[in-house]
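Reproduced below: data.tsv, with TSV, C-alpha atoms and all ligand atoms.
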```tsv
chain	number	residue	atom	x	y	z
H	9	MET	CA	216.40	-149.53	7.15
H	10	ASN	CA	215.70	-148.63	3.55
H	11	ALA	CA	212.62	-149.88	1.71
H	12	HIS	CA	214.61	-152.24	-0.46
H	13	MET	CA	216.02	-154.08	2.53
H	14	LYS	CA	212.65	-154.30	4.23
H	15	ASP	CA	211.19	-156.04	1.19
H	16	ASP	CA	214.09	-158.44	1.05
H	17	LEU	CA	214.19	-159.31	4.72
H	18	LEU	CA	214.96	-163.02	5.02
H	19	LEU	CA	212.50	-164.52	7.49
H	20	MET	CA	214.31	-167.12	9.58
H	21	ILE	CA	211.82	-167.14	12.43
H	22	PRO	CA	209.96	-170.34	13.38
H	23	GLY	CA	206.94	-169.33	11.33
H	24	PRO	CA	205.67	-167.61	9.33
H	25	VAL	CA	208.31	-168.82	6.89
H	26	PRO	CA	209.31	-167.48	3.46
H	27	VAL	CA	206.68	-168.48	0.91
H	28	ALA	CA	207.80	-169.78	-2.48
H	29	GLU	CA	206.84	-167.76	-5.55
H	30	ARG	CA	204.54	-170.40	-7.01
H	31	ILE	CA	202.64	-170.62	-3.71
H	32	LEU	CA	202.24	-166.83	-3.56
H	33	ARG	CA	201.00	-166.79	-7.15
H	34	ALA	CA	198.38	-169.42	-6.40
H	35	MET	CA	196.68	-166.96	-4.06
H	36	ALA	CA	196.05	-164.52	-6.90
H	37	LYS	CA	193.59	-166.82	-8.71
H	38	PRO	CA	190.02	-165.55	-9.15
H	39	MET	CA	187.56	-166.25	-6.39
H	40	ILE	CA	185.26	-169.26	-6.66
H	41	GLY	CA	182.14	-170.37	-4.84
H	42	HIS	CA	182.93	-172.63	-1.91
H	43	ARG	CA	180.05	-175.03	-2.52
H	44	GLY	CA	181.14	-175.92	-6.04
H	45	LYS	CA	183.15	-178.79	-7.49
H	46	GLU	CA	186.27	-176.69	-8.01
H	47	PHE	CA	186.71	-175.87	-4.35
H	48	GLY	CA	185.72	-179.44	-3.48
H	49	GLU	CA	188.66	-180.70	-5.50
H	50	VAL	CA	191.09	-178.30	-3.76
H	51	TYR	CA	189.84	-179.46	-0.36
H	52	ARG	CA	189.98	-183.13	-1.34
H	53	GLU	CA	193.53	-182.92	-2.65
H	54	CYS	CA	194.77	-181.00	0.39
H	55	ARG	CA	193.25	-183.57	2.75
H	56	GLU	CA	194.74	-186.42	0.77
H	57	ILE	CA	198.29	-185.03	0.87
H	58	LEU	CA	197.92	-184.08	4.52
H	59	ALA	CA	197.07	-187.70	5.34
H	60	SER	CA	200.49	-188.73	4.04
H	61	LEU	CA	202.21	-186.03	6.11
H	62	PHE	CA	200.36	-187.07	9.26
H	63	GLN	CA	200.84	-190.75	8.32
H	64	THR	CA	197.28	-191.53	9.27
H	65	ARG	CA	194.08	-193.10	8.05
H	66	ASN	CA	192.12	-190.88	10.42
H	67	GLU	CA	189.93	-188.18	8.97
H	68	ILE	CA	191.60	-184.77	8.58
H	69	PHE	CA	189.90	-181.39	8.40
H	70	ILE	CA	191.28	-178.01	7.42
H	71	LEU	CA	190.23	-175.03	9.49
H	72	SER	CA	190.29	-171.38	8.43
H	73	GLY	CA	192.17	-170.38	11.54
H	74	SER	CA	195.78	-170.52	12.73
H	75	GLY	CA	197.30	-173.41	14.71
H	76	THR	CA	195.68	-172.27	17.94
H	77	SER	CA	192.19	-172.74	16.47
H	78	ALA	CA	192.99	-176.41	15.87
H	79	MET	CA	194.37	-176.70	19.42
H	80	GLU	CA	191.10	-175.24	20.71
H	81	ALA	CA	189.06	-177.54	18.45
H	82	ALA	CA	190.87	-180.52	19.99
H	83	ILE	CA	190.20	-179.56	23.60
H	84	GLY	CA	186.76	-178.02	23.08
H	85	ASN	CA	185.30	-181.03	21.26
H	86	LEU	CA	186.58	-183.62	23.68
H	87	LEU	CA	186.59	-182.20	27.18
H	88	GLY	CA	183.68	-180.79	29.17
H	89	PRO	CA	183.51	-179.31	32.68
H	90	GLU	CA	183.53	-182.74	34.36
H	91	ASP	CA	186.51	-184.06	32.39
H	92	THR	CA	190.19	-183.79	33.27
H	93	LEU	CA	193.02	-182.94	30.91
H	94	VAL	CA	196.59	-183.78	31.86
H	95	ALA	CA	198.43	-180.89	30.21
H	96	VAL	CA	202.16	-181.51	29.88
H	97	GLU	CA	204.09	-178.27	29.63
H	98	ASN	CA	207.77	-177.49	29.07
H	99	GLY	CA	207.37	-174.32	27.05
H	100	LYS	CA	204.94	-171.69	25.85
H	101	PHE	CA	202.84	-173.89	23.60
H	102	GLY	CA	202.42	-176.68	26.16
H	103	GLY	CA	201.18	-173.84	28.38
H	104	ARG	CA	198.71	-172.83	25.70
H	105	PHE	CA	197.01	-176.24	25.86
H	106	ARG	CA	196.74	-175.81	29.63
H	107	GLU	CA	195.20	-172.35	29.20
H	108	ILE	CA	192.70	-173.58	26.60
H	109	GLY	CA	191.88	-176.48	28.93
H	110	GLU	CA	191.20	-174.03	31.74
H	111	SER	CA	188.32	-172.56	29.71
H	112	TYR	CA	186.70	-175.95	28.97
H	113	CYS	CA	187.54	-178.56	31.62
H	114	GLN	CA	189.49	-179.59	34.72
H	115	VAL	CA	193.25	-179.41	34.22
H	116	GLU	CA	196.03	-181.35	35.89
H	117	ALA	CA	199.12	-179.39	34.85
H	118	VAL	CA	202.39	-181.31	34.63
H	119	LYS	CA	204.98	-178.56	34.41
H	120	PHE	CA	208.67	-178.70	33.69
H	121	ASN	CA	210.92	-175.66	33.45
H	122	TRP	CA	210.97	-174.11	30.01
H	123	GLY	CA	213.95	-175.63	28.27
H	124	SER	CA	213.91	-178.80	30.39
H	125	PRO	CA	212.96	-182.17	28.96
H	126	ILE	CA	209.81	-184.06	29.87
H	127	ASP	CA	210.32	-186.69	32.58
H	128	LEU	CA	208.05	-189.60	31.64
H	129	ASP	CA	207.89	-190.91	35.24
H	130	VAL	CA	206.42	-187.61	36.38
H	131	VAL	CA	203.87	-187.74	33.56
H	132	GLU	CA	202.91	-191.29	34.48
H	133	GLU	CA	202.52	-190.36	38.16
H	134	ALA	CA	200.00	-187.70	37.08
H	135	LEU	CA	198.09	-190.23	34.97
H	136	GLU	CA	197.97	-192.55	37.99
H	137	ARG	CA	196.89	-189.75	40.33
H	138	VAL	CA	193.94	-188.40	38.32
H	139	ASP	CA	191.30	-190.05	36.17
H	140	ALA	CA	192.19	-188.14	33.02
H	141	LYS	CA	190.11	-188.22	29.86
H	142	ALA	CA	192.93	-186.81	27.74
H	143	ILE	CA	196.59	-185.87	27.77
H	144	SER	CA	198.09	-183.03	25.72
H	145	ILE	CA	201.67	-182.48	24.63
H	146	VAL	CA	203.58	-180.38	22.13
H	147	HIS	CA	205.76	-182.55	19.91
H	148	ASN	CA	208.15	-179.82	18.81
H	149	GLU	CA	208.17	-177.09	21.49
H	150	THR	CA	208.98	-174.07	19.34
H	151	SER	CA	209.56	-171.74	22.29
H	152	THR	CA	212.54	-173.75	23.58
H	153	GLY	CA	213.77	-175.74	20.56
H	154	ILE	CA	213.21	-179.20	22.03
H	155	LYS	CA	211.59	-182.27	20.49
H	156	ASN	CA	209.41	-184.02	23.06
H	157	PRO	CA	208.86	-187.81	23.26
H	158	ALA	CA	205.50	-188.07	21.48
H	159	GLN	CA	205.76	-191.77	20.81
H	160	GLU	CA	206.44	-192.59	24.46
H	161	ILE	CA	203.61	-190.34	25.65
H	162	GLY	CA	201.38	-192.19	23.18
H	163	LYS	CA	202.24	-195.45	24.94
H	164	LEU	CA	201.41	-193.95	28.33
H	165	ALA	CA	198.13	-192.60	26.96
H	166	ARG	CA	197.15	-196.04	25.73
H	167	LYS	CA	198.18	-197.72	28.98
H	168	HIS	CA	195.97	-195.30	30.94
H	169	ASP	CA	193.15	-195.31	28.38
H	170	CYS	CA	193.48	-191.60	27.70
H	171	ILE	CA	192.91	-189.65	24.53
H	172	PHE	CA	196.24	-188.44	23.18
H	173	ILE	CA	196.21	-184.86	21.84
H	174	MET	CA	199.41	-183.78	20.11
H	175	ASP	CA	200.45	-180.38	18.81
H	176	GLY	CA	202.46	-181.06	15.67
H	177	VAL	CA	202.30	-177.42	14.58
H	178	THR	CA	206.06	-177.16	13.97
H	179	SER	CA	206.86	-180.81	13.26
H	180	ILE	CA	204.32	-182.18	10.78
H	181	GLY	CA	205.62	-181.71	7.24
H	182	GLY	CA	209.21	-181.17	8.40
H	183	ASP	CA	209.91	-183.97	10.85
H	184	LEU	CA	208.78	-187.54	11.27
H	185	VAL	CA	205.28	-187.81	12.71
H	186	GLU	CA	203.46	-191.14	12.63
H	187	VAL	CA	199.99	-190.41	13.92
H	188	ASP	CA	198.63	-193.95	13.60
H	189	ARG	CA	201.71	-195.79	14.77
H	190	TRP	CA	202.18	-193.50	17.76
H	191	GLY	CA	198.49	-193.68	18.69
H	192	VAL	CA	197.83	-189.96	18.38
H	193	ASP	CA	194.07	-189.42	18.64
H	194	ILE	CA	194.18	-185.75	17.70
H	195	ALA	CA	197.09	-184.14	15.86
H	196	VAL	CA	197.24	-180.54	14.66
H	197	VAL	CA	199.44	-178.58	12.28
H	198	GLY	CA	199.64	-174.96	11.10
H	199	SER	CA	200.01	-173.79	7.49
H	200	GLN	CA	202.83	-171.28	8.06
H	201	LYS	CA	205.50	-173.57	9.49
H	202	CYS	CA	207.07	-176.68	7.90
H	203	ILE	CA	204.42	-176.85	5.18
H	204	GLY	CA	205.68	-173.50	3.88
H	205	ALA	CA	202.32	-171.85	3.15
H	206	PRO	CA	201.10	-168.45	4.36
H	207	PRO	CA	199.57	-168.24	7.86
H	208	GLY	CA	195.85	-168.61	8.45
H	209	LEU	CA	194.99	-172.29	8.05
H	210	SER	CA	195.42	-175.31	10.29
H	211	ALA	CA	194.60	-179.00	10.01
H	212	ILE	CA	193.41	-181.54	12.55
H	213	SER	CA	193.20	-185.35	12.45
H	214	VAL	CA	190.62	-187.20	14.54
H	215	SER	CA	190.78	-190.90	15.49
H	216	GLU	CA	187.83	-193.25	15.93
H	217	LYS	CA	188.49	-193.25	19.65
H	218	ALA	CA	188.23	-189.45	19.68
H	219	TRP	CA	184.95	-189.54	17.71
H	220	ASP	CA	183.57	-191.97	20.30
H	221	SER	CA	184.57	-189.65	23.14
H	222	LEU	CA	183.16	-186.31	22.01
H	223	SER	CA	181.97	-183.95	24.69
H	224	GLU	CA	178.23	-183.15	24.82
H	225	LYS	CA	178.86	-179.42	24.78
H	226	ARG	CA	181.19	-178.24	22.02
H	227	PRO	CA	182.30	-174.95	20.45
H	228	TYR	CA	179.99	-173.81	17.64
H	229	TYR	CA	182.46	-172.63	14.97
H	230	LEU	CA	184.95	-175.40	15.69
H	231	ASP	CA	182.42	-178.23	16.07
H	232	LEU	CA	184.17	-181.30	14.64
H	233	PRO	CA	181.00	-183.26	13.74
H	234	SER	CA	179.97	-180.31	11.55
H	235	TYR	CA	183.36	-180.48	9.79
H	236	ARG	CA	182.90	-184.23	9.30
H	237	LYS	CA	179.42	-183.83	7.85
H	238	SER	CA	180.57	-181.17	5.38
H	239	ALA	CA	183.75	-183.05	4.46
H	240	ALA	CA	181.62	-185.92	3.20
H	241	LYS	CA	180.66	-183.44	0.41
H	242	ASN	CA	184.23	-182.07	0.12
H	243	GLN	CA	183.11	-178.89	1.81
H	244	THR	CA	183.72	-176.94	4.99
H	245	PRO	CA	180.79	-175.94	7.21
H	246	TYR	CA	181.47	-172.19	6.85
H	247	THR	CA	183.07	-170.07	4.14
H	248	PRO	CA	186.73	-171.14	3.90
H	249	ALA	CA	189.63	-168.70	3.31
H	250	ILE	CA	189.74	-169.63	-0.38
H	251	PRO	CA	193.00	-167.85	-1.39
H	252	LEU	CA	194.76	-169.54	1.51
H	253	PHE	CA	193.42	-172.92	0.41
H	254	TYR	CA	194.87	-172.31	-3.06
H	255	ALA	CA	198.23	-171.52	-1.49
H	256	PHE	CA	197.99	-174.52	0.85
H	257	GLN	CA	197.25	-176.82	-2.09
H	258	GLU	CA	200.32	-175.54	-3.95
H	259	ALA	CA	202.53	-175.88	-0.85
H	260	LEU	CA	201.31	-179.45	-0.32
H	261	ARG	CA	201.98	-180.27	-3.97
H	262	MET	CA	205.55	-179.02	-3.48
H	263	ILE	CA	205.91	-181.42	-0.56
H	264	ARG	CA	204.59	-184.30	-2.66
H	265	GLU	CA	207.08	-183.42	-5.41
H	266	GLU	CA	210.01	-183.28	-2.99
H	267	GLY	CA	208.90	-186.44	-1.20
H	268	LEU	CA	208.23	-186.50	2.53
H	269	GLU	CA	211.29	-188.57	3.38
H	270	GLU	CA	213.59	-186.22	1.50
H	271	ARG	CA	211.92	-183.20	3.06
H	272	ILE	CA	212.40	-184.58	6.55
H	273	ARG	CA	216.04	-185.33	5.74
H	274	ARG	CA	216.53	-181.78	4.46
H	275	HIS	CA	214.98	-180.26	7.59
H	276	ALA	CA	217.19	-182.45	9.78
H	277	LEU	CA	220.34	-181.43	7.89
H	278	LEU	CA	219.48	-177.72	7.88
H	279	SER	CA	218.97	-177.67	11.64
H	280	GLN	CA	222.06	-179.81	12.15
H	281	ALA	CA	224.04	-177.29	10.09
H	282	VAL	CA	222.84	-174.47	12.35
H	283	ARG	CA	223.67	-176.48	15.47
H	284	SER	CA	227.17	-177.25	14.17
H	285	ALA	CA	227.73	-173.56	13.52
H	286	ILE	CA	226.50	-172.65	17.01
H	287	GLU	CA	228.91	-175.14	18.54
H	288	ALA	CA	231.81	-173.97	16.38
H	289	LEU	CA	231.15	-170.39	17.47
H	290	GLY	CA	231.36	-171.43	21.12
H	291	LEU	CA	227.71	-170.60	21.87
H	292	ARG	CA	225.44	-172.80	24.02
H	293	MET	CA	222.29	-174.56	22.90
H	294	PHE	CA	219.39	-173.61	25.18
H	295	PRO	CA	217.42	-176.83	25.78
H	296	ARG	CA	218.61	-179.49	28.18
H	297	LEU	CA	217.99	-183.00	26.91
H	298	ASN	CA	217.33	-186.39	28.45
H	299	SER	CA	217.35	-189.85	26.87
H	300	VAL	CA	213.87	-189.45	25.36
H	301	SER	CA	214.21	-185.94	23.93
H	302	SER	CA	216.35	-184.30	21.29
H	303	TYR	CA	217.09	-180.95	19.72
H	304	SER	CA	214.38	-179.77	17.39
H	305	ASN	CA	214.81	-180.43	13.69
H	306	THR	CA	212.94	-177.27	12.77
H	307	VAL	CA	214.04	-174.53	15.19
H	308	THR	CA	217.29	-173.96	17.04
H	309	ALA	CA	217.24	-172.13	20.38
H	310	VAL	CA	220.52	-170.69	21.63
H	311	GLU	CA	221.48	-168.98	24.89
H	312	MET	CA	222.08	-165.26	24.39
H	313	PRO	CA	225.79	-164.58	24.91
H	314	PRO	CA	226.37	-162.16	27.84
H	315	GLU	CA	228.34	-159.70	25.69
H	316	VAL	CA	225.32	-158.77	23.56
H	317	THR	CA	221.71	-157.72	24.16
H	318	ASP	CA	218.67	-159.04	22.33
H	319	GLU	CA	218.39	-155.74	20.47
H	320	GLY	CA	222.11	-155.75	19.67
H	321	LEU	CA	221.98	-159.24	18.21
H	322	ARG	CA	218.60	-159.38	16.49
H	323	GLY	CA	218.61	-155.69	15.57
H	324	GLY	CA	222.11	-156.07	14.13
H	325	MET	CA	221.11	-159.08	12.06
H	326	LYS	CA	218.01	-157.32	10.83
H	327	LYS	CA	220.15	-154.48	9.54
H	328	LEU	CA	221.96	-157.11	7.50
H	329	GLY	CA	218.64	-158.31	6.11
H	330	VAL	CA	217.93	-161.36	8.28
H	331	GLN	CA	215.17	-161.68	10.84
H	332	ILE	CA	215.45	-164.28	13.58
H	333	SER	CA	213.35	-164.68	16.76
H	334	GLY	CA	214.01	-163.86	20.37
H	335	GLY	CA	212.73	-165.67	23.42
H	336	GLN	CA	209.04	-165.66	24.29
H	337	GLY	CA	207.58	-164.81	27.71
H	338	GLU	CA	210.05	-165.56	30.50
H	339	LEU	CA	212.78	-166.28	27.91
H	340	ALA	CA	212.72	-162.78	26.38
H	341	GLY	CA	216.28	-161.48	26.12
H	342	LYS	CA	217.72	-164.80	27.30
H	343	ILE	CA	217.71	-166.81	24.07
H	344	PHE	CA	217.52	-166.37	20.33
H	345	ARG	CA	215.89	-168.78	17.90
H	346	ILE	CA	216.56	-169.62	14.26
H	347	GLY	CA	213.79	-171.32	12.34
H	348	THR	CA	214.73	-173.83	9.63
H	349	MET	CA	211.29	-174.70	8.29
H	350	GLY	CA	209.65	-174.94	4.93
H	351	ASN	CA	211.09	-174.39	1.48
H	352	ILE	CA	214.55	-173.10	2.35
H	353	ASN	CA	218.00	-174.42	1.58
H	354	HIS	CA	221.78	-173.79	1.75
H	355	ARG	CA	221.47	-170.18	0.67
H	356	GLU	CA	219.17	-169.13	3.51
H	357	ILE	CA	221.25	-170.96	6.12
H	358	LEU	CA	224.55	-169.48	4.96
H	359	THR	CA	223.10	-165.96	4.71
H	360	THR	CA	221.71	-166.27	8.22
H	361	LEU	CA	224.95	-167.59	9.69
H	362	GLN	CA	226.94	-164.87	7.97
H	363	ALA	CA	224.71	-162.17	9.48
H	364	LEU	CA	224.96	-163.92	12.86
H	365	GLU	CA	228.74	-164.12	12.77
H	366	LEU	CA	229.21	-160.51	11.64
H	367	THR	CA	226.91	-159.30	14.43
H	368	LEU	CA	228.60	-161.47	17.07
H	369	LYS	CA	231.99	-160.17	15.97
H	370	LYS	CA	230.80	-156.58	16.11
H	371	HIS	CA	229.80	-157.11	19.75
H	372	GLY	CA	233.05	-158.83	20.66
H	373	VAL	CA	231.50	-162.28	21.16
H	374	ILE	CA	233.79	-163.91	18.59
H	375	PRO	CA	237.19	-162.65	17.43
H	376	SER	CA	236.75	-163.46	13.75
H	377	THR	CA	234.11	-164.72	11.35
H	378	GLY	CA	234.00	-167.93	9.32
H	379	ARG	CA	234.09	-170.81	11.79
H	380	GLY	CA	230.35	-171.27	12.01
H	381	ILE	CA	229.88	-171.12	8.27
H	382	GLU	CA	232.65	-173.61	7.74
H	383	ALA	CA	231.12	-176.07	10.21
H	384	ALA	CA	227.67	-175.63	8.66
H	385	THR	CA	229.02	-176.09	5.14
H	386	GLU	CA	230.38	-179.50	6.04
H	387	VAL	CA	226.90	-180.62	7.05
H	388	LEU	CA	225.23	-178.95	4.08
H	389	GLU	CA	227.42	-180.92	1.71
H	390	GLU	CA	225.19	-183.90	2.48
H	391	LEU	CA	222.21	-182.13	0.94
H	392	ASN	CA	221.21	-183.01	-2.58
E	401	LIG	C1	204.26	-175.53	18.67
E	401	LIG	C2	203.27	-174.45	18.37
E	401	LIG	N1	201.99	-174.65	18.69
E	401	LIG	C3	201.06	-173.72	18.45
E	401	LIG	C4	201.37	-172.53	17.85
E	401	LIG	C5	200.33	-171.53	17.62
E	401	LIG	O1	200.05	-171.44	16.30
E	401	LIG	P1	199.36	-170.12	15.66
E	401	LIG	O2	200.24	-168.98	16.00
E	401	LIG	O3	199.35	-170.51	14.21
E	401	LIG	O4	198.01	-170.01	16.24
E	401	LIG	C6	202.70	-172.27	17.48
E	401	LIG	C7	203.08	-171.00	16.86
E	401	LIG	O5	204.22	-170.62	16.82
E	401	LIG	C8	203.66	-173.27	17.74
E	401	LIG	O6	204.95	-173.09	17.40
```

Translate this structure into structure tokens?
Amino acid sequence: MNAHMKDDLLLMIPGPVPVAERILRAMAKPMIGHRGKEFGEVYRECREILASLFQTRNEIFILSGSGTSAMEAAIGNLLGPEDTLVAVENGKFGGRFREIGESYCQVEAVKFNWGSPIDLDVVEEALERVDAKAISIVHNETSTGIKNPAQEIGKLARKHDCIFIMDGVTSIGGDLVEVDRWGVDIAVVGSQKCIGAPPGLSAISVSEKAWDSLSEKRPYYLDLPSYRKSAAKNQTPYTPAIPLFYAFQEALRMIREEGLEERIRRHALLSQAVRSAIEALGLRMFPRLNSVSSYSNTVTAVEMPPEVTDEGLRGGMKKLGVQISGGQGELAGKIFRIGTMGNINHREILTTLQALELTLKKHGVIPSTGRGIEAATEVLEELN
């Protein structure tokens, strides 16, 4: 690959996502002290816009760490060695909550095959079987392209008086998430996904119920009461990643300008366009759904056609300037994933589908190109 192409590689993976010019530029501002008014205003504005994305009145904090740091903050602040976490898992990131839980507390794992939907009866049986302090789920399971029933799990959590911890890393800012209405006690998001900022920050919302249920022993760097105390002064307890905060602020302003409803609609249409193309090309979607789950609105996971290898497909697309993702862990080589998150539009979708079709044709998967793009275009016509 020549240098020009490498610079121009279109990132269509489920995060990090392409970062808009004005967001990149924001990072180049001069450094400021983090205890001054100027940083305080950046922090305040970011938290205010985040509250509208999370649809919550709960307090929100921004951590200088990727999505996993917020996942760890959730578990580490709430669950101690005597407590039990019901960790619902139908993909890699559900498994991550279980693994984090294993370093802090007792874990009752409720596992479904990767790519399968969550069966609510099985979850409820687990909540009846053990005296759980909290339940964790991933709303949008990025590894398999499925949207899990967060609202319904919220109802079960309430019924069983459990704290509800939800990973919204690849849904918040791109799909509908109603933290207060769904009864989510802790919700987390990452900067490099639907919000469209560079990687390195995450945000976490904490309900009153969660504050009342803090564990005695908590992580030092991720101690939520310390974040709360500092936030009262519009500060973070430790030195924040200031350039990333600048970028985050700009990305959140872009969301405010677009309007959350419109942004969610755009994400839904972009993923629907990809799904229509996949269907028109005769490929199979990877996740299996039930009545309470749906295909993700931010990432599309597709079964790898038998005629082509992972390297053949993704390597071929990369040569055409488009990077998509493969399967993670046990799904390596078996699926490919196309992210449709952040500040992208028709152009990125059509470029991606063109590279996909050309590569599929080269490997004899499809006889001719054009069908997928045509199907996608019909959906994209609904975009503003
Ligand atoms: C659903 C989900 N949760 C958690 C994470 C982990 O986030 P990070 O890589 O920012 O730590 C990811 C990353 O892809 C994700 O998609």

One-decimal distance in Å that lies between CA of Thr92 in chain H and CA of Asp139 in chain H: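 Computing it gives 7.0 Å between the two atoms.
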
statement: A straight line from CA of Lys327 in chain H to CA of Met293 in chain H spans 24.2 Å

task: Set the cut-off to 10 Å, count only C-alpha atoms and all ligand atoms, and list whatever residues fall near ligand LIG 401 (chain E) as a VMD selection string.
output: chain H and resid 21 to 24 73 to 80 99 to 105 145 to 153 174 to 179 196 to 201 207 to 210 307

Selection to disk with C-alpha atoms, as a PDB file, in the coordinates of the input:
```
ATOM      1  CA  ILE H  21     211.820-167.140  12.430  1.00  0.00           C
ATOM      2  CA  PRO H  22     209.960-170.340  13.380  1.00  0.00           C
ATOM      3  CA  GLY H  23     206.940-169.330  11.330  1.00  0.00           C
ATOM      4  CA  PRO H  24     205.670-167.610   9.330  1.00  0.00           C
ATOM      5  CA  GLY H  73     192.170-170.380  11.540  1.00  0.00           C
ATOM      6  CA  SER H  74     195.780-170.520  12.730  1.00  0.00           C
ATOM      7  CA  GLY H  75     197.300-173.410  14.710  1.00  0.00           C
ATOM      8  CA  THR H  76     195.680-172.270  17.940  1.00  0.00           C
ATOM      9  CA  SER H  77     192.190-172.740  16.470  1.00  0.00           C
ATOM     10  CA  ALA H  78     192.990-176.410  15.870  1.00  0.00           C
ATOM     11  CA  MET H  79     194.370-176.700  19.420  1.00  0.00           C
ATOM     12  CA  GLU H  80     191.100-175.240  20.710  1.00  0.00           C
ATOM     13  CA  GLY H  99     207.370-174.320  27.050  1.00  0.00           C
ATOM     14  CA  LYS H 100     204.940-171.690  25.850  1.00  0.00           C
ATOM     15  CA  PHE H 101     202.840-173.890  23.600  1.00  0.00           C
ATOM     16  CA  GLY H 102     202.420-176.680  26.160  1.00  0.00           C
ATOM     17  CA  GLY H 103     201.180-173.840  28.380  1.00  0.00           C
ATOM     18  CA  ARG H 104     198.710-172.830  25.700  1.00  0.00           C
ATOM     19  CA  PHE H 105     197.010-176.240  25.860  1.00  0.00           C
ATOM     20  CA  ILE H 145     201.670-182.480  24.630  1.00  0.00           C
ATOM     21  CA  VAL H 146     203.580-180.380  22.130  1.00  0.00           C
ATOM     22  CA  HIS H 147     205.760-182.550  19.910  1.00  0.00           C
ATOM     23  CA  ASN H 148     208.150-179.820  18.810  1.00  0.00           C
ATOM     24  CA  GLU H 149     208.170-177.090  21.490  1.00  0.00           C
ATOM     25  CA  THR H 150     208.980-174.070  19.340  1.00  0.00           C
ATOM     26  CA  SER H 151     209.560-171.740  22.290  1.00  0.00           C
ATOM     27  CA  THR H 152     212.540-173.750  23.580  1.00  0.00           C
ATOM     28  CA  GLY H 153     213.770-175.740  20.560  1.00  0.00           C
ATOM     29  CA  MET H 174     199.410-183.780  20.110  1.00  0.00           C
ATOM     30  CA  ASP H 175     200.450-180.380  18.810  1.00  0.00           C
ATOM     31  CA  GLY H 176     202.460-181.060  15.670  1.00  0.00           C
ATOM     32  CA  VAL H 177     202.300-177.420  14.580  1.00  0.00           C
ATOM     33  CA  THR H 178     206.060-177.160  13.970  1.00  0.00           C
ATOM     34  CA  SER H 179     206.860-180.810  13.260  1.00  0.00           C
ATOM     35  CA  VAL H 196     197.240-180.540  14.660  1.00  0.00           C
ATOM     36  CA  VAL H 197     199.440-178.580  12.280  1.00  0.00           C
ATOM     37  CA  GLY H 198     199.640-174.960  11.100  1.00  0.00           C
ATOM     38  CA  SER H 199     200.010-173.790   7.490  1.00  0.00           C
ATOM     39  CA  GLN H 200     202.830-171.280   8.060  1.00  0.00           C
ATOM     40  CA  LYS H 201     205.500-173.570   9.490  1.00  0.00           C
ATOM     41  CA  PRO H 207     199.570-168.240   7.860  1.00  0.00           C
ATOM     42  CA  GLY H 208     195.850-168.610   8.450  1.00  0.00           C
ATOM     43  CA  LEU H 209     194.990-172.290   8.050  1.00  0.00           C
ATOM     44  CA  SER H 210     195.420-175.310  10.290  1.00  0.00           C
ATOM     45  CA  VAL H 307     214.040-174.530  15.190  1.00  0.00           C
TER      46      VAL H 307
END
```

message: Restricting the calculation to all atoms listed in the file: of H:Gln336, H:Gln362, H:Ser72, H:Ser304, which residue gets closest to Tyr229 in chain H?
response: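 Ranking H:Gln336, H:Gln362, H:Ser72, H:Ser304 by distance to Tyr229 in chain H, first place goes to H:Ser72.
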
message: Please determine, counting all atoms listed in the file, which residue among H:Ala205, H:Val115, H:Ala82, H:Leu277 has the shortest atom-to-atom distance to Leu391 in chain H.
response: H:Leu277

field: Separation of CA of Gln159 in chain H from CA of Phe294 in chain H, in Å and rounded to one decimal
entry: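 Distance between the two atoms: 23.1 Å.
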
message: Taking all atoms listed in the file into account, name the residue in H:Ala142, H:Ile126, H:Leu260, H:Ile343 that is nearest to Arg292 in chain H.
response: H:Ile343

- request: Name the closest residue to Ala195 in chain H among the candidates H:Glu269, H:Glu107, H:Glu67, H:Glu160; distances are taken between atoms, counting only C-alpha atoms.
  value: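 Result for the nearest residue to Ala195 in chain H: H:Glu67.
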
Residue contacts of Glu386 in chain H (12 Å, all atoms listed in the file) excluding same-chain residues fewer than 5 positions away, as an mmCIF file with C-alpha atoms, keeping the file's coordinate frame:
```cif
data_model
loop_
_atom_site.group_PDB
_atom_site.id
_atom_site.type_symbol
_atom_site.label_atom_id
_atom_site.label_comp_id
_atom_site.auth_asym_id
_atom_site.auth_seq_id
_atom_site.Cartn_x
_atom_site.Cartn_y
_atom_site.Cartn_z
ATOM 1 C CA LEU H 277 220.340 -181.430 7.890
ATOM 2 C CA LEU H 278 219.480 -177.720 7.880
ATOM 3 C CA GLN H 280 222.060 -179.810 12.150
ATOM 4 C CA ALA H 281 224.040 -177.290 10.090
ATOM 5 C CA VAL H 282 222.840 -174.470 12.350
ATOM 6 C CA ARG H 283 223.670 -176.480 15.470
ATOM 7 C CA SER H 284 227.170 -177.250 14.170
ATOM 8 C CA ALA H 285 227.730 -173.560 13.520
ATOM 9 C CA ALA H 288 231.810 -173.970 16.380
ATOM 10 C CA HIS H 354 221.780 -173.790 1.750
ATOM 11 C CA LEU H 358 224.550 -169.480 4.960
ATOM 12 C CA ARG H 379 234.090 -170.810 11.790
ATOM 13 C CA GLY H 380 230.350 -171.270 12.010
ATOM 14 C CA ILE H 381 229.880 -171.120 8.270
ATOM 15 C CA LEU H 391 222.210 -182.130 0.940
#
```

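Excluding Ile40 in chain H and any residue on its chain fewer than 6 positions from it, the residues at most 8 Å away by only C-alpha atoms are Glu46, Phe47 and Ile250 of chain H.
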
field: Selection as number ranges by chain: residues within 9 Å of (182.8, -168.0, -1.4), counting all atoms listed in the file
entry: H: 39-43, 247-250

task: Name all residues at most 7 Å from Ile173 in chain H (count only C-alpha atoms; drop same-chain ones fewer than 6 positions away) and give them as a VMD selection string.
output: chain H and resid 143 to 145 192 to 195
